[in-house]
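Structure below is structure-v2.csv: CSV, C-alpha atoms.
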chain,number,residue,atom,x,y,z
A,1,SER,CA,69.7,-42.9,-51.4
A,2,ASP,CA,72.9,-41.0,-51.0
A,3,SER,CA,71.0,-37.9,-49.8
A,4,ILE,CA,69.4,-39.8,-46.9
A,5,ASP,CA,72.7,-41.4,-45.8
A,6,ASN,CA,74.5,-38.0,-46.0
A,7,VAL,CA,72.0,-35.4,-45.0
A,8,ALA,CA,72.9,-32.0,-46.3
A,9,ASN,CA,73.5,-29.3,-43.8
A,10,PRO,CA,71.9,-26.0,-44.7
A,11,THR,CA,74.8,-24.3,-42.9
A,12,HIS,CA,77.0,-25.6,-45.7
A,13,PHE,CA,75.0,-23.7,-48.2
A,14,ARG,CA,75.0,-20.6,-46.1
A,15,THR,CA,78.7,-20.8,-45.7
A,16,ALA,CA,79.2,-21.4,-49.4
A,17,ALA,CA,76.9,-18.5,-50.2
A,18,PHE,CA,78.8,-16.2,-47.8
A,19,SER,CA,82.1,-17.2,-49.4
A,20,THR,CA,80.7,-16.6,-52.9
A,21,HIS,CA,79.2,-13.2,-52.1
A,22,SER,CA,81.7,-12.0,-49.5
A,23,LYS,CA,82.9,-8.4,-50.0
A,24,PRO,CA,86.5,-8.0,-51.2
A,25,SER,CA,88.9,-7.0,-48.6
A,26,SER,CA,90.2,-4.1,-50.8
A,27,PHE,CA,86.8,-2.4,-50.8
A,28,ALA,CA,88.1,0.2,-48.5
A,29,ASN,CA,90.4,1.9,-50.9
A,30,ASP,CA,89.2,4.7,-53.2
A,31,ARG,CA,89.6,2.8,-56.5
A,32,SER,CA,87.4,0.0,-55.3
A,33,LYS,CA,84.9,2.4,-54.0
A,34,THR,CA,84.7,4.2,-57.3
A,35,SER,CA,84.3,0.9,-59.1
A,36,SER,CA,81.5,-0.1,-56.8
A,37,ILE,CA,79.7,3.2,-57.2
A,38,LYS,CA,79.9,2.8,-61.0
A,39,GLN,CA,78.5,-0.7,-60.8
A,40,MET,CA,75.6,0.6,-58.6
A,41,ALA,CA,74.9,3.3,-61.2
A,42,GLN,CA,74.9,0.7,-64.0
A,43,ASP,CA,72.5,-1.5,-62.0
A,44,THR,CA,70.2,1.5,-61.3
A,45,ARG,CA,70.2,2.5,-65.0
A,46,PHE,CA,69.4,-1.1,-65.8
A,47,LEU,CA,66.4,-1.2,-63.4
A,48,ALA,CA,65.2,2.1,-64.7
A,49,GLY,CA,65.0,0.7,-68.2
A,50,THR,CA,67.7,2.8,-69.7
A,51,SER,CA,70.3,0.1,-70.3
A,52,GLY,CA,69.0,-2.7,-72.4
A,53,SER,CA,65.9,-3.5,-70.3
A,54,GLU,CA,63.3,-1.5,-72.2
A,55,GLY,CA,61.2,-4.6,-72.5
A,56,ASN,CA,61.0,-4.9,-68.7
A,57,PHE,CA,60.8,-1.3,-67.6
A,58,ARG,CA,59.2,1.8,-68.9
A,59,ASN,CA,60.0,5.2,-67.4
A,60,GLY,CA,61.6,3.5,-64.4
A,61,LYS,CA,58.6,1.3,-63.7
A,62,PRO,CA,58.1,-2.5,-64.4
A,63,THR,CA,55.8,-3.6,-67.2
A,64,LEU,CA,52.9,-5.9,-66.6
A,65,GLU,CA,54.7,-8.7,-68.5
A,66,TYR,CA,57.8,-8.4,-66.4
A,67,ALA,CA,55.8,-8.2,-63.1
A,68,ARG,CA,54.2,-11.6,-64.0
A,69,THR,CA,57.6,-13.2,-63.9
A,70,LEU,CA,58.2,-12.2,-60.2
A,71,PRO,CA,59.0,-15.5,-58.3
A,72,LYS,CA,56.3,-16.4,-55.9
A,73,THR,CA,58.1,-19.3,-54.3
A,74,PHE,CA,61.6,-20.3,-53.5
A,75,ALA,CA,61.3,-23.1,-56.0
A,76,SER,CA,60.9,-20.6,-58.8
A,77,MET,CA,64.0,-18.6,-57.8
A,78,THR,CA,67.5,-18.8,-59.3
A,79,ASN,CA,70.3,-20.5,-57.5
A,80,GLU,CA,71.9,-17.1,-56.7
A,81,GLN,CA,68.6,-15.8,-55.2
A,82,VAL,CA,68.2,-18.9,-53.1
A,83,LEU,CA,71.7,-18.8,-51.8
A,84,HIS,CA,71.3,-15.1,-51.0
A,85,PHE,CA,68.3,-15.8,-48.8
A,86,ALA,CA,69.9,-18.9,-47.3
A,87,MET,CA,72.9,-16.8,-46.3
A,88,GLN,CA,70.4,-14.7,-44.3
A,89,GLU,CA,69.3,-17.9,-42.6
A,90,ILE,CA,65.8,-18.0,-44.1
A,91,SER,CA,64.7,-21.5,-43.4
A,92,GLU,CA,62.7,-21.9,-46.6
A,93,ALA,CA,65.7,-20.9,-48.6
A,94,CYS,CA,67.9,-23.4,-46.7
A,95,ARG,CA,65.4,-26.1,-47.4
A,96,GLU,CA,65.5,-25.2,-51.1
A,97,CYS,CA,69.2,-25.5,-51.1
A,98,VAL,CA,69.0,-29.0,-49.6
A,99,VAL,CA,66.3,-30.1,-52.1
A,100,ARG,CA,68.5,-28.9,-55.1
A,101,ASP,CA,71.5,-30.7,-53.6
A,102,ILE,CA,69.4,-33.9,-53.4
A,103,MET,CA,68.5,-33.4,-57.1
A,104,VAL,CA,72.2,-33.3,-58.0
A,105,VAL,CA,73.4,-36.1,-55.7
A,106,ASP,CA,70.6,-38.5,-56.6
A,107,ASN,CA,70.1,-37.3,-60.2
A,108,ILE,CA,66.4,-36.9,-59.9
A,109,ASP,CA,63.8,-34.2,-60.7
A,110,TYR,CA,62.4,-31.7,-58.2
A,111,ASP,CA,59.3,-33.5,-57.2
A,112,GLU,CA,61.2,-36.7,-56.4
A,113,ALA,CA,63.8,-34.7,-54.5
A,114,MET,CA,61.1,-33.1,-52.4
A,115,LYS,CA,59.9,-36.6,-51.5
A,116,VAL,CA,63.4,-37.5,-50.4
A,117,PHE,CA,63.6,-34.2,-48.4
A,118,GLU,CA,60.4,-35.0,-46.6
A,119,LYS,CA,61.8,-38.4,-45.6
A,120,ILE,CA,64.9,-36.6,-44.3
A,121,ALA,CA,62.8,-34.1,-42.4
A,122,GLU,CA,60.7,-36.9,-40.9
A,123,CYS,CA,63.8,-38.6,-39.7
A,124,ASN,CA,65.1,-35.4,-38.2
A,125,ARG,CA,61.8,-34.9,-36.3
A,126,ARG,CA,61.8,-38.5,-34.9
A,127,ASP,CA,61.8,-38.6,-31.1
A,128,MET,CA,61.6,-34.8,-31.1
A,129,ILE,CA,59.1,-35.0,-28.3
A,130,PHE,CA,61.7,-36.4,-26.0
A,131,ALA,CA,64.3,-33.8,-27.1
A,132,SER,CA,61.9,-31.0,-26.4
A,133,LEU,CA,60.7,-32.4,-23.1
A,134,PRO,CA,62.9,-30.2,-20.9
A,135,PHE,CA,61.5,-27.1,-22.6
A,136,ARG,CA,57.9,-28.3,-22.3
A,137,VAL,CA,58.3,-29.1,-18.6
A,138,GLY,CA,60.1,-25.9,-17.9
A,139,PHE,CA,57.5,-23.8,-19.7
A,140,THR,CA,54.7,-25.6,-17.9
A,141,VAL,CA,56.2,-25.1,-14.5
A,142,ALA,CA,57.2,-21.5,-15.1
A,143,PHE,CA,53.8,-20.5,-16.6
A,144,THR,CA,51.8,-22.3,-13.9
A,145,GLY,CA,54.0,-20.9,-11.1
A,146,GLY,CA,53.7,-17.4,-12.4
A,147,ILE,CA,49.9,-17.5,-12.7
A,148,ALA,CA,49.5,-19.3,-9.3
A,149,SER,CA,51.7,-16.7,-7.5
A,150,ILE,CA,49.1,-13.9,-7.9
A,151,PRO,CA,46.3,-15.5,-5.9
A,152,LEU,CA,48.8,-17.0,-3.4
A,153,VAL,CA,49.9,-13.4,-2.6
A,154,PHE,CA,46.8,-11.3,-3.0
A,155,ASP,CA,43.6,-13.5,-2.8
A,156,LEU,CA,42.4,-13.9,0.8
A,157,GLN,CA,40.8,-17.3,0.4
A,158,THR,CA,43.9,-18.7,-1.3
A,159,VAL,CA,46.2,-17.1,1.2
A,160,THR,CA,44.1,-18.5,4.1
A,161,TRP,CA,44.1,-22.0,2.6
A,162,PHE,CA,47.8,-22.0,1.9
A,163,ASN,CA,48.6,-20.7,5.4
A,164,GLU,CA,46.5,-23.4,7.1
A,165,ALA,CA,48.0,-26.1,4.9
A,166,PHE,CA,51.6,-25.2,4.7
A,167,VAL,CA,52.6,-22.2,6.9
A,168,THR,CA,50.4,-22.2,10.0
A,169,SER,CA,51.3,-18.6,10.7
A,170,GLU,CA,49.0,-16.2,12.6
A,171,LEU,CA,47.1,-13.9,10.2
A,172,PRO,CA,46.2,-10.3,11.1
A,173,GLY,CA,42.6,-9.5,12.1
A,174,PRO,CA,39.8,-9.0,9.6
A,175,GLU,CA,40.1,-5.3,9.8
A,176,ASP,CA,43.7,-5.6,8.4
A,177,LEU,CA,42.6,-7.9,5.5
A,178,GLU,CA,40.0,-5.8,3.9
A,179,THR,CA,41.9,-5.0,0.7
A,180,TRP,CA,44.1,-7.0,-1.6
A,181,LEU,CA,47.1,-4.9,-0.7
A,182,GLU,CA,46.6,-5.7,3.0
A,183,VAL,CA,46.3,-9.4,2.1
A,184,GLY,CA,49.5,-9.2,0.1
A,185,ALA,CA,51.3,-7.5,3.1
A,186,ALA,CA,50.1,-10.4,5.3
A,187,SER,CA,51.2,-13.2,2.9
A,188,TRP,CA,54.5,-11.6,2.0
A,189,GLY,CA,56.0,-12.8,5.2
A,190,TRP,CA,56.2,-16.3,3.8
A,191,MET,CA,55.9,-15.7,0.1
A,192,GLU,CA,58.9,-13.4,-0.1
A,193,PRO,CA,61.5,-16.1,0.7
A,194,VAL,CA,60.0,-18.4,-1.9
A,195,LEU,CA,59.6,-15.9,-4.7
A,196,GLY,CA,62.9,-14.2,-3.9
A,197,GLN,CA,64.8,-17.5,-3.9
A,198,VAL,CA,63.2,-18.6,-7.1
A,199,SER,CA,64.1,-15.3,-8.8
A,200,PHE,CA,67.7,-15.4,-7.5
A,201,PHE,CA,68.1,-19.0,-8.7
A,202,LEU,CA,66.8,-18.2,-12.2
A,203,LEU,CA,69.1,-15.1,-12.2
A,204,CYS,CA,72.1,-17.3,-11.4
A,205,MET,CA,71.2,-19.9,-14.0
A,206,GLN,CA,70.9,-17.2,-16.6
A,207,PHE,CA,74.2,-15.7,-15.6
A,208,ALA,CA,75.8,-19.2,-15.7
A,209,ARG,CA,74.4,-19.7,-19.2
Kindly transcribe the structure held in the file into structure tokens.
Amino acid sequence: SDSIDNVANPTHFRTAAFSTHSKPSSFANDRSKTSSIKQMAQDTRFLAGTSGSEGNFRNGKPTLEYARTLPKTFASMTNEQVLHFAMQEISEACRECVVRDIMVVDNIDYDEAMKVFEKIAECNRRDMIFASLPFRVGFTVAFTGGIASIPLVFDLQTVTWFNEAFVTSELPGPEDLETWLEVGAASWGWMEPVLGQVSFFLLCMQFAR
């Protein structure tokens, strides 16, 4: 269908919504301010049930019948409401904009448009595992390294094993390895360059970004 070939971009709807609802540039002058205040007052009176909405509000409170009409899903909202939330980058509202655009482009009803949207979403998620692989690898390495650094610095058995396998440095006597802080002081001689360099590298990468 046309919708699949030309996938709608939710940003288009957010941009359109922003253009539709953007504030007038003359809002700063007094006349525009006065007009805006009057409009707000009219809206307040309307919501309070004093301006033609007596069926919906009584004494400034909504009636049960009116409360039942509250939209529970984005599908039950008006176009203006959906665009309002899409302008705020609410993903569900952006999706609703795309679905309604599919309805117009393909001239189909909502349920059929949702099926087309699901095909579009499935196509967008294709090979996502490869696109997210750098994040997954980075997260795994960072999380594992952060957890492993604690016993490598403060646990005597781990420090002793790491020293014998990779460092071959002389450790202090048993009387100087009785607490975890003493163990950390002994291991810090070779752990500081590693942890310090990793931290500085990440700092530089963040700054470069």
Exercise for the section: Skip Met191 (chain A) itself and residues of its chain fewer than 4 positions away, then list as a ChimeraX atom specification all residues within 12 Å of it, counting only C-alpha atoms. Expected result: /A:148-154,159,162-163,166-167,169,183-187,195-198
Problem - Atom-to-atom span, CA of Asn79 (chain A) and CA of Glu65 (chain A), Å - result: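 Straight-line distance from CA of Asn79 (chain A) to CA of Glu65 (chain A) works out to 22.4 Å.
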Problem - Two-atom distance - CA of Lys115 (chain A), CA of Val99 (chain A) (Å) - result: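 About the pair CA of Lys115 (chain A) and CA of Val99 (chain A): they are 9.1 Å apart.
Between CA of Gly145 (chain A) and CA of Pro174 (chain A) the interatomic distance comes to 27.8 Å.
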Exercise for the section: Tell me which of A:Leu171, A:Cys204, A:Val104, A:Val98 sits closest to Ala121 (chain A), counting only C-alpha atoms. Expected result: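 Under the stated criterion, the closest residue is A:Val98.
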Exercise for the section: Excluding Met114 (chain A) and residues on its chain fewer than 6 positions from it, collect all residues at most 9 Å away from it, counting all atoms listed in the file, and give them as a list of chain:residue names. Expected result: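 Result of the neighbour search: A:Val99, A:Arg100, A:Ile102, A:Met103.
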Have region 161-195 of chain A completed to N, CA and C atoms, please, and pass it along as a PDB file, in the coordinates of the input.
ATOM      1  N   TRP A 161      43.916 -20.546   2.821  1.00  0.00           N
ATOM      2  CA  TRP A 161      44.100 -22.000   2.600  1.00  0.00           C
ATOM      3  C   TRP A 161      45.563 -22.392   2.642  1.00  0.00           C
ATOM      4  N   PHE A 162      46.412 -21.637   1.939  1.00  0.00           N
ATOM      5  CA  PHE A 162      47.800 -22.000   1.900  1.00  0.00           C
ATOM      6  C   PHE A 162      48.457 -21.852   3.281  1.00  0.00           C
ATOM      7  N   ASN A 163      48.027 -20.852   4.052  1.00  0.00           N
ATOM      8  CA  ASN A 163      48.600 -20.700   5.400  1.00  0.00           C
ATOM      9  C   ASN A 163      48.198 -21.840   6.297  1.00  0.00           C
ATOM     10  N   GLU A 164      46.946 -22.268   6.220  1.00  0.00           N
ATOM     11  CA  GLU A 164      46.500 -23.400   7.100  1.00  0.00           C
ATOM     12  C   GLU A 164      47.165 -24.698   6.646  1.00  0.00           C
ATOM     13  N   ALA A 165      47.435 -24.877   5.365  1.00  0.00           N
ATOM     14  CA  ALA A 165      48.000 -26.100   4.900  1.00  0.00           C
ATOM     15  C   ALA A 165      49.487 -26.250   4.983  1.00  0.00           C
ATOM     16  N   PHE A 166      50.196 -25.141   4.794  1.00  0.00           N
ATOM     17  CA  PHE A 166      51.600 -25.200   4.700  1.00  0.00           C
ATOM     18  C   PHE A 166      52.413 -24.305   5.650  1.00  0.00           C
ATOM     19  N   VAL A 167      51.806 -23.226   6.103  1.00  0.00           N
ATOM     20  CA  VAL A 167      52.600 -22.200   6.900  1.00  0.00           C
ATOM     21  C   VAL A 167      52.210 -22.257   8.346  1.00  0.00           C
ATOM     22  N   THR A 168      50.930 -22.264   8.666  1.00  0.00           N
ATOM     23  CA  THR A 168      50.400 -22.200  10.000  1.00  0.00           C
ATOM     24  C   THR A 168      50.904 -20.989  10.791  1.00  0.00           C
ATOM     25  N   SER A 169      50.891 -19.862  10.104  1.00  0.00           N
ATOM     26  CA  SER A 169      51.300 -18.600  10.700  1.00  0.00           C
ATOM     27  C   SER A 169      49.990 -17.852  11.146  1.00  0.00           C
ATOM     28  N   GLU A 170      50.116 -16.950  12.097  1.00  0.00           N
ATOM     29  CA  GLU A 170      49.000 -16.200  12.600  1.00  0.00           C
ATOM     30  C   GLU A 170      48.714 -15.008  11.635  1.00  0.00           C
ATOM     31  N   LEU A 171      47.511 -14.937  11.090  1.00  0.00           N
ATOM     32  CA  LEU A 171      47.100 -13.900  10.200  1.00  0.00           C
ATOM     33  C   LEU A 171      46.627 -12.652  10.987  1.00  0.00           C
ATOM     34  N   PRO A 172      46.728 -11.458  10.414  1.00  0.00           N
ATOM     35  CA  PRO A 172      46.200 -10.300  11.100  1.00  0.00           C
ATOM     36  C   PRO A 172      44.643 -10.401  11.210  1.00  0.00           C
ATOM     37  N   GLY A 173      44.045  -9.513  11.953  1.00  0.00           N
ATOM     38  CA  GLY A 173      42.600  -9.500  12.100  1.00  0.00           C
ATOM     39  C   GLY A 173      41.885  -9.117  10.864  1.00  0.00           C
ATOM     40  N   PRO A 174      40.568  -9.357  10.826  1.00  0.00           N
ATOM     41  CA  PRO A 174      39.800  -9.000   9.600  1.00  0.00           C
ATOM     42  C   PRO A 174      39.885  -7.583   9.202  1.00  0.00           C
ATOM     43  N   GLU A 175      40.048  -6.673  10.161  1.00  0.00           N
ATOM     44  CA  GLU A 175      40.100  -5.300   9.800  1.00  0.00           C
ATOM     45  C   GLU A 175      41.415  -4.937   9.034  1.00  0.00           C
ATOM     46  N   ASP A 176      42.416  -5.810   9.117  1.00  0.00           N
ATOM     47  CA  ASP A 176      43.700  -5.600   8.400  1.00  0.00           C
ATOM     48  C   ASP A 176      43.762  -6.472   7.133  1.00  0.00           C
ATOM     49  N   LEU A 177      42.685  -7.097   6.740  1.00  0.00           N
ATOM     50  CA  LEU A 177      42.600  -7.900   5.500  1.00  0.00           C
ATOM     51  C   LEU A 177      41.485  -7.517   4.628  1.00  0.00           C
ATOM     52  N   GLU A 178      41.155  -6.251   4.636  1.00  0.00           N
ATOM     53  CA  GLU A 178      40.000  -5.800   3.900  1.00  0.00           C
ATOM     54  C   GLU A 178      40.306  -5.532   2.406  1.00  0.00           C
ATOM     55  N   THR A 179      41.557  -5.243   2.065  1.00  0.00           N
ATOM     56  CA  THR A 179      41.900  -5.000   0.700  1.00  0.00           C
ATOM     57  C   THR A 179      42.970  -5.996   0.213  1.00  0.00           C
ATOM     58  N   TRP A 180      43.121  -6.076  -1.098  1.00  0.00           N
ATOM     59  CA  TRP A 180      44.100  -7.000  -1.600  1.00  0.00           C
ATOM     60  C   TRP A 180      45.526  -6.632  -1.301  1.00  0.00           C
ATOM     61  N   LEU A 181      45.776  -5.353  -1.095  1.00  0.00           N
ATOM     62  CA  LEU A 181      47.100  -4.900  -0.700  1.00  0.00           C
ATOM     63  C   LEU A 181      47.407  -5.360   0.754  1.00  0.00           C
ATOM     64  N   GLU A 182      46.407  -5.284   1.620  1.00  0.00           N
ATOM     65  CA  GLU A 182      46.600  -5.700   3.000  1.00  0.00           C
ATOM     66  C   GLU A 182      46.805  -7.249   3.036  1.00  0.00           C
ATOM     67  N   VAL A 183      46.081  -7.971   2.179  1.00  0.00           N
ATOM     68  CA  VAL A 183      46.300  -9.400   2.100  1.00  0.00           C
ATOM     69  C   VAL A 183      47.705  -9.726   1.611  1.00  0.00           C
ATOM     70  N   GLY A 184      48.180  -8.962   0.602  1.00  0.00           N
ATOM     71  CA  GLY A 184      49.500  -9.200   0.100  1.00  0.00           C
ATOM     72  C   GLY A 184      50.576  -8.880   1.174  1.00  0.00           C
ATOM     73  N   ALA A 185      50.346  -7.848   1.988  1.00  0.00           N
ATOM     74  CA  ALA A 185      51.300  -7.500   3.100  1.00  0.00           C
ATOM     75  C   ALA A 185      51.337  -8.651   4.091  1.00  0.00           C
ATOM     76  N   ALA A 186      50.171  -9.283   4.369  1.00  0.00           N
ATOM     77  CA  ALA A 186      50.100 -10.400   5.300  1.00  0.00           C
ATOM     78  C   ALA A 186      50.814 -11.634   4.793  1.00  0.00           C
ATOM     79  N   SER A 187      50.587 -11.950   3.514  1.00  0.00           N
ATOM     80  CA  SER A 187      51.200 -13.200   2.900  1.00  0.00           C
ATOM     81  C   SER A 187      52.619 -13.030   2.556  1.00  0.00           C
ATOM     82  N   TRP A 188      53.085 -11.791   2.445  1.00  0.00           N
ATOM     83  CA  TRP A 188      54.500 -11.600   2.000  1.00  0.00           C
ATOM     84  C   TRP A 188      55.491 -12.103   2.954  1.00  0.00           C
ATOM     85  N   GLY A 189      55.099 -12.260   4.190  1.00  0.00           N
ATOM     86  CA  GLY A 189      56.000 -12.800   5.200  1.00  0.00           C
ATOM     87  C   GLY A 189      56.563 -14.154   4.814  1.00  0.00           C
ATOM     88  N   TRP A 190      55.711 -15.020   4.253  1.00  0.00           N
ATOM     89  CA  TRP A 190      56.200 -16.300   3.800  1.00  0.00           C
ATOM     90  C   TRP A 190      56.346 -16.488   2.326  1.00  0.00           C
ATOM     91  N   MET A 191      55.747 -15.583   1.557  1.00  0.00           N
ATOM     92  CA  MET A 191      55.900 -15.700   0.100  1.00  0.00           C
ATOM     93  C   MET A 191      57.204 -15.027  -0.374  1.00  0.00           C
ATOM     94  N   GLU A 192      57.688 -14.046   0.350  1.00  0.00           N
ATOM     95  CA  GLU A 192      58.900 -13.400  -0.100  1.00  0.00           C
ATOM     96  C   GLU A 192      60.106 -14.299  -0.173  1.00  0.00           C
ATOM     97  N   PRO A 193      60.374 -15.157   0.831  1.00  0.00           N
ATOM     98  CA  PRO A 193      61.500 -16.100   0.700  1.00  0.00           C
ATOM     99  C   PRO A 193      61.422 -16.997  -0.500  1.00  0.00           C
ATOM    100  N   VAL A 194      60.189 -17.495  -0.753  1.00  0.00           N
ATOM    101  CA  VAL A 194      60.000 -18.400  -1.900  1.00  0.00           C
ATOM    102  C   VAL A 194      60.222 -17.723  -3.203  1.00  0.00           C
ATOM    103  N   LEU A 195      59.498 -16.615  -3.401  1.00  0.00           N
ATOM    104  CA  LEU A 195      59.600 -15.900  -4.700  1.00  0.00           C
ATOM    105  C   LEU A 195      60.996 -15.311  -4.850  1.00  0.00           C
TER     106      LEU A 195
END
